[in-house]
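Engineer: Have a peek at coords14.cif (mmCIF, C-alpha atoms).
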data_model
loop_
_atom_site.label_atom_id
_atom_site.label_comp_id
_atom_site.auth_asym_id
_atom_site.auth_seq_id
_atom_site.Cartn_x
_atom_site.Cartn_y
_atom_site.Cartn_z
CA MET A 926 108.14 103.27 72.75
CA VAL A 927 111.02 100.87 73.38
CA ASP A 928 111.53 99.95 77.03
CA LYS A 929 114.79 101.11 78.61
CA TYR A 930 115.13 97.78 80.41
CA THR A 931 114.70 94.48 78.58
CA SER A 932 113.40 92.69 81.67
CA MET A 933 112.69 93.18 85.35
CA THR A 934 115.89 91.27 86.05
CA GLU A 935 117.82 94.04 84.31
CA LEU A 936 115.75 96.78 85.93
CA PHE A 937 116.35 95.37 89.41
CA GLN A 938 120.11 95.27 88.74
CA GLN A 939 120.29 98.91 87.63
CA THR A 940 117.77 100.69 89.87
CA SER A 941 117.02 100.92 93.58
CA ALA A 942 114.06 99.80 95.66
CA GLN A 943 112.44 102.55 97.75
CA GLU A 944 114.28 105.16 95.66
CA ASP A 945 113.07 104.42 92.13
CA TRP A 946 110.26 101.98 92.83
CA GLU A 947 108.48 99.89 95.42
CA ILE A 948 106.55 96.65 95.23
CA GLU A 949 103.34 96.21 97.20
CA THR A 950 101.76 92.80 97.67
CA ILE A 951 98.88 91.43 99.70
CA ASN A 952 98.31 87.69 100.10
CA ARG A 953 94.72 86.82 100.97
CA ASP A 954 94.90 83.14 99.90
CA SER A 955 92.31 83.76 97.21
CA HIS A 956 91.82 82.20 93.77
CA VAL A 957 92.31 85.56 92.00
CA LEU A 958 95.38 87.79 91.59
CA VAL A 959 94.89 91.44 90.66
CA ALA A 960 98.06 93.12 89.40
CA ALA A 961 99.22 96.56 88.30
CA ILE A 962 102.72 96.12 86.91
CA HIS A 963 102.94 99.72 85.70
CA GLY A 964 101.62 101.30 88.87
CA GLY A 965 102.53 104.42 90.75
CA ALA A 966 103.57 107.15 88.34
CA ILE A 967 103.96 105.00 85.22
CA GLU A 968 100.33 104.37 84.23
CA ARG A 969 98.68 106.49 86.87
CA GLY A 970 95.48 105.25 88.45
CA THR A 971 96.12 101.58 87.70
CA SER A 972 97.51 100.65 91.10
CA GLU A 973 94.65 102.40 92.88
CA ILE A 974 91.83 100.61 91.07
CA ALA A 975 93.72 97.30 91.22
CA GLN A 976 94.10 97.76 94.97
CA LEU A 977 90.38 98.49 95.34
CA ILE A 978 89.31 95.47 93.26
CA ALA A 979 91.52 93.23 95.37
CA GLN A 980 90.23 94.76 98.60
CA LEU A 981 86.54 94.45 97.71
CA GLY A 982 86.93 90.92 96.39
CA GLY A 983 89.33 89.63 99.02
CA TYR A 984 91.83 88.87 96.26
CA ASP A 985 95.61 88.75 96.21
CA TYR A 986 97.31 91.93 95.02
CA TYR A 987 100.60 92.90 93.36
CA SER A 988 101.68 96.36 92.28
CA PHE A 989 104.99 97.62 90.96
CA ASN A 990 104.94 101.33 91.79
CA ALA A 991 107.27 103.87 90.23
CA ILE A 992 108.07 106.58 92.80
CA ARG A 993 110.66 108.80 91.11
CA PRO A 994 110.11 112.59 90.95
CA ASN A 995 110.34 112.25 87.14
CA LYS A 996 111.26 109.88 84.30
CA ASN A 997 109.04 107.16 85.69
CA HIS A 998 108.27 105.97 82.16
CA GLU A 999 111.79 104.53 82.12
CA LEU A 1000 110.59 101.94 84.65
CA HIS A 1001 108.05 100.50 82.22
CA VAL A 1002 108.78 96.86 81.35
CA THR A 1003 106.27 95.23 79.03
CA ALA A 1004 104.17 92.39 80.44
CA ASN A 1005 105.85 89.77 78.22
CA HIS A 1006 109.23 90.62 79.81
CA PHE A 1007 108.02 91.23 83.37
CA ASP A 1008 109.98 88.42 84.98
CA ASP A 1009 109.78 89.42 88.64
CA PRO A 1010 110.00 86.04 90.43
CA LEU A 1011 107.65 87.26 93.15
CA LEU A 1012 104.88 88.07 90.68
CA LEU A 1013 105.39 84.86 88.72
CA SER A 1014 105.21 82.76 91.88
CA MET A 1015 101.99 84.50 92.87
CA VAL A 1016 100.23 84.17 89.52
CA ARG A 1017 101.10 80.49 89.08
CA GLU A 1018 99.17 79.68 92.26
CA LYS A 1019 95.95 81.34 91.05
CA GLU A 1020 93.00 80.18 88.99
CA HIS A 1021 92.47 83.70 87.67
CA ALA A 1022 94.71 86.67 86.93
CA LEU A 1023 93.54 90.21 86.20
CA SER A 1024 96.14 92.69 84.96
CA ILE A 1025 95.31 96.42 84.99
CA HIS A 1026 97.16 98.69 82.55
CA GLY A 1027 96.85 102.22 81.25
CA CYS A 1028 96.83 103.39 77.65
CA MET A 1029 96.36 106.64 75.77
CA GLY A 1030 92.91 107.92 74.89
CA ASP A 1031 90.80 111.01 75.51
CA LYS A 1032 87.55 109.02 75.71
CA PRO A 1033 86.73 106.97 78.84
CA GLU A 1034 87.09 103.48 77.40
CA ILE A 1035 88.50 100.07 78.30
CA TYR A 1036 90.36 97.79 75.89
CA ILE A 1037 90.10 94.17 76.94
CA GLY A 1038 92.53 91.38 76.11
CA GLY A 1039 94.19 88.27 77.46
CA LYS A 1040 93.63 84.61 76.63
CA ASP A 1041 90.67 83.99 78.95
CA SER A 1042 87.91 84.19 76.34
CA THR A 1043 85.17 83.14 78.78
CA TYR A 1044 85.93 85.95 81.19
CA ILE A 1045 86.47 88.44 78.38
CA GLU A 1046 82.83 87.96 77.45
CA ARG A 1047 81.64 88.05 81.07
CA ILE A 1048 83.54 91.27 81.77
CA LYS A 1049 82.35 92.86 78.54
CA SER A 1050 78.76 92.06 79.43
CA LYS A 1051 79.07 93.27 83.02
CA LEU A 1052 80.83 96.55 82.25
CA THR A 1053 78.71 97.34 79.22
CA ALA A 1054 75.65 97.03 81.45
CA GLN A 1055 77.30 99.67 83.66
CA GLY A 1056 77.49 102.03 80.69
CA VAL A 1057 81.21 101.50 80.09
CA VAL A 1058 82.56 101.38 76.54
CA VAL A 1059 84.57 98.15 76.26
CA LYS A 1060 86.47 97.33 73.08
CA ASP A 1061 88.65 94.43 72.01
CA ALA A 1062 92.28 95.40 72.52
CA PRO A 1063 94.27 95.95 69.30
CA SER A 1064 97.17 93.62 68.63
CA PRO A 1065 99.98 95.58 70.38
CA ILE A 1066 98.07 95.55 73.69
CA ALA A 1067 95.99 92.41 73.22
CA GLY A 1068 97.71 90.45 76.00
CA LYS A 1069 97.51 87.15 74.11
CA HIS A 1070 101.16 86.08 74.34
CA ALA A 1071 101.96 83.05 76.47
CA ASP A 1072 104.96 84.95 77.92
CA ASN A 1073 102.62 87.60 79.34
CA PHE A 1074 102.53 86.87 83.07
CA VAL A 1075 98.73 87.21 83.10
CA ASN A 1076 98.49 84.04 81.01
CA GLN A 1077 100.62 82.01 83.42
CA SER A 1078 97.92 81.22 85.97
CA LYS A 1079 96.94 77.62 86.71
CA ARG A 1080 94.58 77.85 83.74
CA GLN A 1081 97.27 79.36 81.49
CA GLN A 1082 95.03 82.30 80.68
CA GLY A 1083 94.05 85.63 82.15
CA ILE A 1084 92.54 89.06 81.53
CA GLN A 1085 94.36 92.26 80.60
CA LEU A 1086 92.45 95.54 80.86
CA GLU A 1087 93.82 98.71 79.28
CA LEU A 1088 92.21 101.86 80.71
CA THR A 1089 92.47 105.08 78.73
CA VAL A 1090 93.77 108.30 80.28
CA ALA A 1091 90.24 109.72 80.31
CA PHE A 1092 88.92 106.60 82.04
CA ARG A 1093 91.64 106.69 84.67
CA LYS A 1094 91.10 110.37 85.42
CA ALA A 1095 87.38 109.66 85.90
CA LEU A 1096 88.31 107.35 88.78
CA PHE A 1097 89.07 110.44 90.86
CA LYS A 1098 86.61 113.08 92.00
CA ASN A 1099 88.73 115.99 90.76
CA ARG A 1100 89.58 114.12 87.53
CA GLN A 1101 93.28 114.55 88.22
CA PHE A 1102 95.78 111.79 88.90
CA LYS A 1103 98.90 113.39 90.27
CA GLU A 1104 100.32 111.62 93.32
CA GLN A 1105 98.41 113.72 95.84
CA ASP A 1106 95.17 113.05 93.96
CA ARG A 1107 95.75 109.29 93.88
CA VAL A 1108 96.90 108.65 97.46
CA ASN A 1109 93.97 110.59 98.94
CA LYS A 1110 91.25 107.95 99.14
CA ASP A 1111 88.69 110.68 99.82
CA ASN A 1112 89.33 111.66 96.20
CA TRP A 1113 88.44 108.21 94.89
CA ALA A 1114 85.24 108.69 92.91
CA PRO A 1115 82.09 106.55 93.23
CA PHE A 1116 82.84 105.53 89.65
CA MET A 1117 86.00 103.74 90.82
CA TYR A 1118 84.01 101.77 93.38
CA GLN A 1119 81.34 100.99 90.78
CA ILE A 1120 83.85 99.55 88.32
CA ALA A 1121 85.75 97.65 91.00
CA GLN A 1122 82.58 96.09 92.39
CA ALA A 1123 81.41 95.08 88.91
CA LEU A 1124 84.68 93.24 88.29
CA VAL A 1125 84.49 91.54 91.67
CA GLU A 1126 81.01 90.27 90.80
CA VAL A 1127 82.35 88.73 87.60
CA TYR A 1128 84.91 86.70 89.52
CA GLN A 1129 82.28 85.61 92.03
CA TYR A 1130 80.48 83.91 89.14
CA GLU A 1131 81.89 80.47 90.01
#
In structure tokens, how does this file's structure come out?
Structural biologist:
Amino acid sequence: MVDKYTSMTELFQQTSAQEDWEIETINRDSHVLVAAIHGGAIERGTSEIAQLIAQLGGYDYYSFNAIRPNKNHELHVTANHFDDPLLLSMVREKEHALSIHGCMGDKPEIYIGGKDSTYIERIKSKLTAQGVVVKDAPSPIAGKHADNFVNQSKRQQGIQLELTVAFRKALFKNRQFKEQDRVNKDNWAPFMYQIAQALVEVYQYE
């Protein structure tokens, strides 16, 4: 699918904050940034688990949340073109960047990419031990490009996780991820906390 907007610069010029989208950030002066650039109703469930990872780890957090009643997919800008100055300024201050995305898939799986080969292996090992199926991301979603914001940390590398639809639905007790299901934290499943805590433990390795 071709993005409607070629960059966030273009999206910001042609859409409205608080009407089409909102940006949520938390600065905890940590060495890790957790981001969900397709949050809200674009790739549903990504902003919630990113928020939880950041909360449990005491990490910095960025989420671009689509809040339209419909046509939220139009607010998808690929990571290589996601030139929000706020996000770029945040990621360039961090040793580590973790980008949470959503992809298609009716099996609960994670596709892992990014340029941080050391942490790819650590995350694979940690999540596999939790019973999660983790696969190398295919080329279109591999997150290897230098223009991808996740690879613009101090170390010029990061991690991109692509969570299938089935995986993201499993993050919620009722296995639904409409807005009312996602905003109700009582509906966040133990599985979400398990995955978030596992990822936090990886970044506490150092």
Engineer: Using all atoms listed in the file, which residue out of A:Val957, A:Gln1081, A:Arg969, A:Ser1050 lies closest to Gln1101 of chain A?
Structural biologist: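 Selected residue with least distance to Gln1101 of chain A: A:Arg969.
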Engineer: From the list A:His1006, A:Lys1049, A:His1070, A:Lys996, which residue is nearest Ile967 of chain A when using only C-alpha atoms?
Structural biologist: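 Nearest candidate to Ile967 of chain A out of A:His1006, A:Lys1049, A:His1070, A:Lys996: A:Lys996.
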Engineer: Give the answer as one residue: which of A:Gly983, A:Pro1033, A:Pro1010, A:Gly1039 has the shortest atom-to-atom distance to Val1057 of chain A, using all atoms listed in the file?
Structural biologist: A:Pro1033
Engineer: Using the chain letters and numbering of this document, enumerate as a ChimeraX atom specification the residues selected by the PyMOL selection byres ((chain A and resi 1009) around 10).
Structural biologist: /A:932-934,936-937,962,989,1006-1008,1010-1014,1074
Engineer: In Å to one decimal, how far is atom CA of Val1075 of chain A from atom CA of Pro1063 of chain A?
Structural biologist: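 The value is 16.9 Å.
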Engineer: For Gln943 of chain A, which residue among A:Asn1109, A:Asn1099, A:Arg993, A:Gln1055 is the nearest when counting all atoms listed in the file?
Structural biologist: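 For Gln943 of chain A, the nearest of the given residues is A:Arg993.
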Engineer: Please indicate the distance in Å from atom CA of Ile1037 of chain A to atom CA of Glu1087 of chain A, rounded to one decimal place.
Structural biologist: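 Computing the Euclidean distance for atom CA of Ile1037 of chain A and atom CA of Glu1087 of chain A yields 6.3 Å.
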Engineer: For Val1125 of chain A, please output as a list in words all residues within 12 Å (counting all atoms listed in the file; exclusion window: fewer than 4 positions along the same chain).
Structural biologist: Val957, Leu958, Val959, Ile974, Ala975, Gln976, Leu977, Ile978, Ala979, Gln980, Leu981, Gly982, Gly983, Tyr984, His1021, Leu1023, Tyr1044, Arg1047, Ile1048, Lys1051, Leu1052, Tyr1118, Gln1119, Ile1120, Ala1121, Gln1129, Tyr1130 and Glu1131 of chain A
Engineer: To test your reading of the syntax: which residues would the PyMOL selection byres ((chain A and resi 1096) around 6) return for the file shown? Reply as a PDB file with C-alpha atoms, keeping the file's coordinate frame.
Structural biologist:
ATOM      1  CA  ARG A1093      91.640 106.690  84.670  1.00  0.00           C
ATOM      2  CA  LYS A1094      91.100 110.370  85.420  1.00  0.00           C
ATOM      3  CA  ALA A1095      87.380 109.660  85.900  1.00  0.00           C
ATOM      4  CA  PHE A1097      89.070 110.440  90.860  1.00  0.00           C
ATOM      5  CA  ALA A1114      85.240 108.690  92.910  1.00  0.00           C
ATOM      6  CA  PHE A1116      82.840 105.530  89.650  1.00  0.00           C
ATOM      7  CA  MET A1117      86.000 103.740  90.820  1.00  0.00           C
TER       8      MET A1117
END
Engineer: Could you check which residues have any atom within 9 Å of (97.4, 76.8, 85.8), counting all atoms listed in the file with coordinates taken straight from the file, and then list them as a list in words?
Structural biologist: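 Residues with an atom at most 9 Å from (97.4, 76.8, 85.8): Val1016, Arg1017, Glu1018, Lys1019, Glu1020, His1021, Asn1076, Gln1077, Ser1078, Lys1079, Arg1080, Gln1081 and Gln1082 of chain A.
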Engineer: Can you write out the residues you just picked, keeping C-alpha atoms, as an mmCIF file, keeping the file's coordinate frame?
Structural biologist:
data_model
loop_
_atom_site.group_PDB
_atom_site.id
_atom_site.type_symbol
_atom_site.label_atom_id
_atom_site.label_comp_id
_atom_site.auth_asym_id
_atom_site.auth_seq_id
_atom_site.Cartn_x
_atom_site.Cartn_y
_atom_site.Cartn_z
ATOM 1 C CA VAL A 1016 100.230 84.170 89.520
ATOM 2 C CA ARG A 1017 101.100 80.490 89.080
ATOM 3 C CA GLU A 1018 99.170 79.680 92.260
ATOM 4 C CA LYS A 1019 95.950 81.340 91.050
ATOM 5 C CA GLU A 1020 93.000 80.180 88.990
ATOM 6 C CA HIS A 1021 92.470 83.700 87.670
ATOM 7 C CA ASN A 1076 98.490 84.040 81.010
ATOM 8 C CA GLN A 1077 100.620 82.010 83.420
ATOM 9 C CA SER A 1078 97.920 81.220 85.970
ATOM 10 C CA LYS A 1079 96.940 77.620 86.710
ATOM 11 C CA ARG A 1080 94.580 77.850 83.740
ATOM 12 C CA GLN A 1081 97.270 79.360 81.490
ATOM 13 C CA GLN A 1082 95.030 82.300 80.680
#
Engineer: Report the distance between atom CA of Cys1028 of chain A and atom CA of Arg953 of chain A in Å, rounded to one decimal place.
Structural biologist: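 If I compute the distance from atom CA of Cys1028 of chain A to atom CA of Arg953 of chain A, I get 28.7 Å.
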Engineer: Measuring atom to atom with all atoms listed in the file, identify which of A:Asp1061, A:Asp945, A:Glu935, A:Asp1111 is nearest to Asn995 of chain A.
Structural biologist: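 Using all atoms listed in the file, Asn995 of chain A sits closest to A:Asp945.
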Engineer: Please enumerate the residues selected by the PyMOL selection byres ((chain A and resi 1029) around 9) when evaluated against the supplied file, formatted as a VMD selection string.
Structural biologist: chain A and resid 1027 to 1028 1030 to 1031 1088 to 1091
Engineer: Taking all atoms listed in the file into account, which of A:Arg1100, A:Lys1069, A:His963, A:Lys1060 comes nearest Thr1003 of chain A?
Structural biologist: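 For Thr1003 of chain A, the nearest of the given residues is A:His963.
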Engineer: How would you write as a list in words the residues that get within 10 Å of (91.6, 91.9, 74.2) in the file's frame, counting all atoms listed in the file?
Structural biologist: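 Output: Ile1035, Tyr1036, Ile1037, Gly1038, Gly1039, Lys1040, Asp1041, Ser1042, Ile1045, Val1059, Lys1060, Asp1061, Ala1062, Pro1063, Ser1064, Pro1065, Ile1066, Ala1067, Gly1068, Lys1069, Ile1084, Gln1085, Leu1086 and Glu1087 of chain A.
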Engineer: Just the selected residues (C-alpha atoms), exported as a PDB file, in the frame of the given file, please.
Structural biologist:
ATOM      1  CA  ILE A1035      88.500 100.070  78.300  1.00  0.00           C
ATOM      2  CA  TYR A1036      90.360  97.790  75.890  1.00  0.00           C
ATOM      3  CA  ILE A1037      90.100  94.170  76.940  1.00  0.00           C
ATOM      4  CA  GLY A1038      92.530  91.380  76.110  1.00  0.00           C
ATOM      5  CA  GLY A1039      94.190  88.270  77.460  1.00  0.00           C
ATOM      6  CA  LYS A1040      93.630  84.610  76.630  1.00  0.00           C
ATOM      7  CA  ASP A1041      90.670  83.990  78.950  1.00  0.00           C
ATOM      8  CA  SER A1042      87.910  84.190  76.340  1.00  0.00           C
ATOM      9  CA  ILE A1045      86.470  88.440  78.380  1.00  0.00           C
ATOM     10  CA  VAL A1059      84.570  98.150  76.260  1.00  0.00           C
ATOM     11  CA  LYS A1060      86.470  97.330  73.080  1.00  0.00           C
ATOM     12  CA  ASP A1061      88.650  94.430  72.010  1.00  0.00           C
ATOM     13  CA  ALA A1062      92.280  95.400  72.520  1.00  0.00           C
ATOM     14  CA  PRO A1063      94.270  95.950  69.300  1.00  0.00           C
ATOM     15  CA  SER A1064      97.170  93.620  68.630  1.00  0.00           C
ATOM     16  CA  PRO A1065      99.980  95.580  70.380  1.00  0.00           C
ATOM     17  CA  ILE A1066      98.070  95.550  73.690  1.00  0.00           C
ATOM     18  CA  ALA A1067      95.990  92.410  73.220  1.00  0.00           C
ATOM     19  CA  GLY A1068      97.710  90.450  76.000  1.00  0.00           C
ATOM     20  CA  LYS A1069      97.510  87.150  74.110  1.00  0.00           C
ATOM     21  CA  ILE A1084      92.540  89.060  81.530  1.00  0.00           C
ATOM     22  CA  GLN A1085      94.360  92.260  80.600  1.00  0.00           C
ATOM     23  CA  LEU A1086      92.450  95.540  80.860  1.00  0.00           C
ATOM     24  CA  GLU A1087      93.820  98.710  79.280  1.00  0.00           C
TER      25      GLU A1087
END
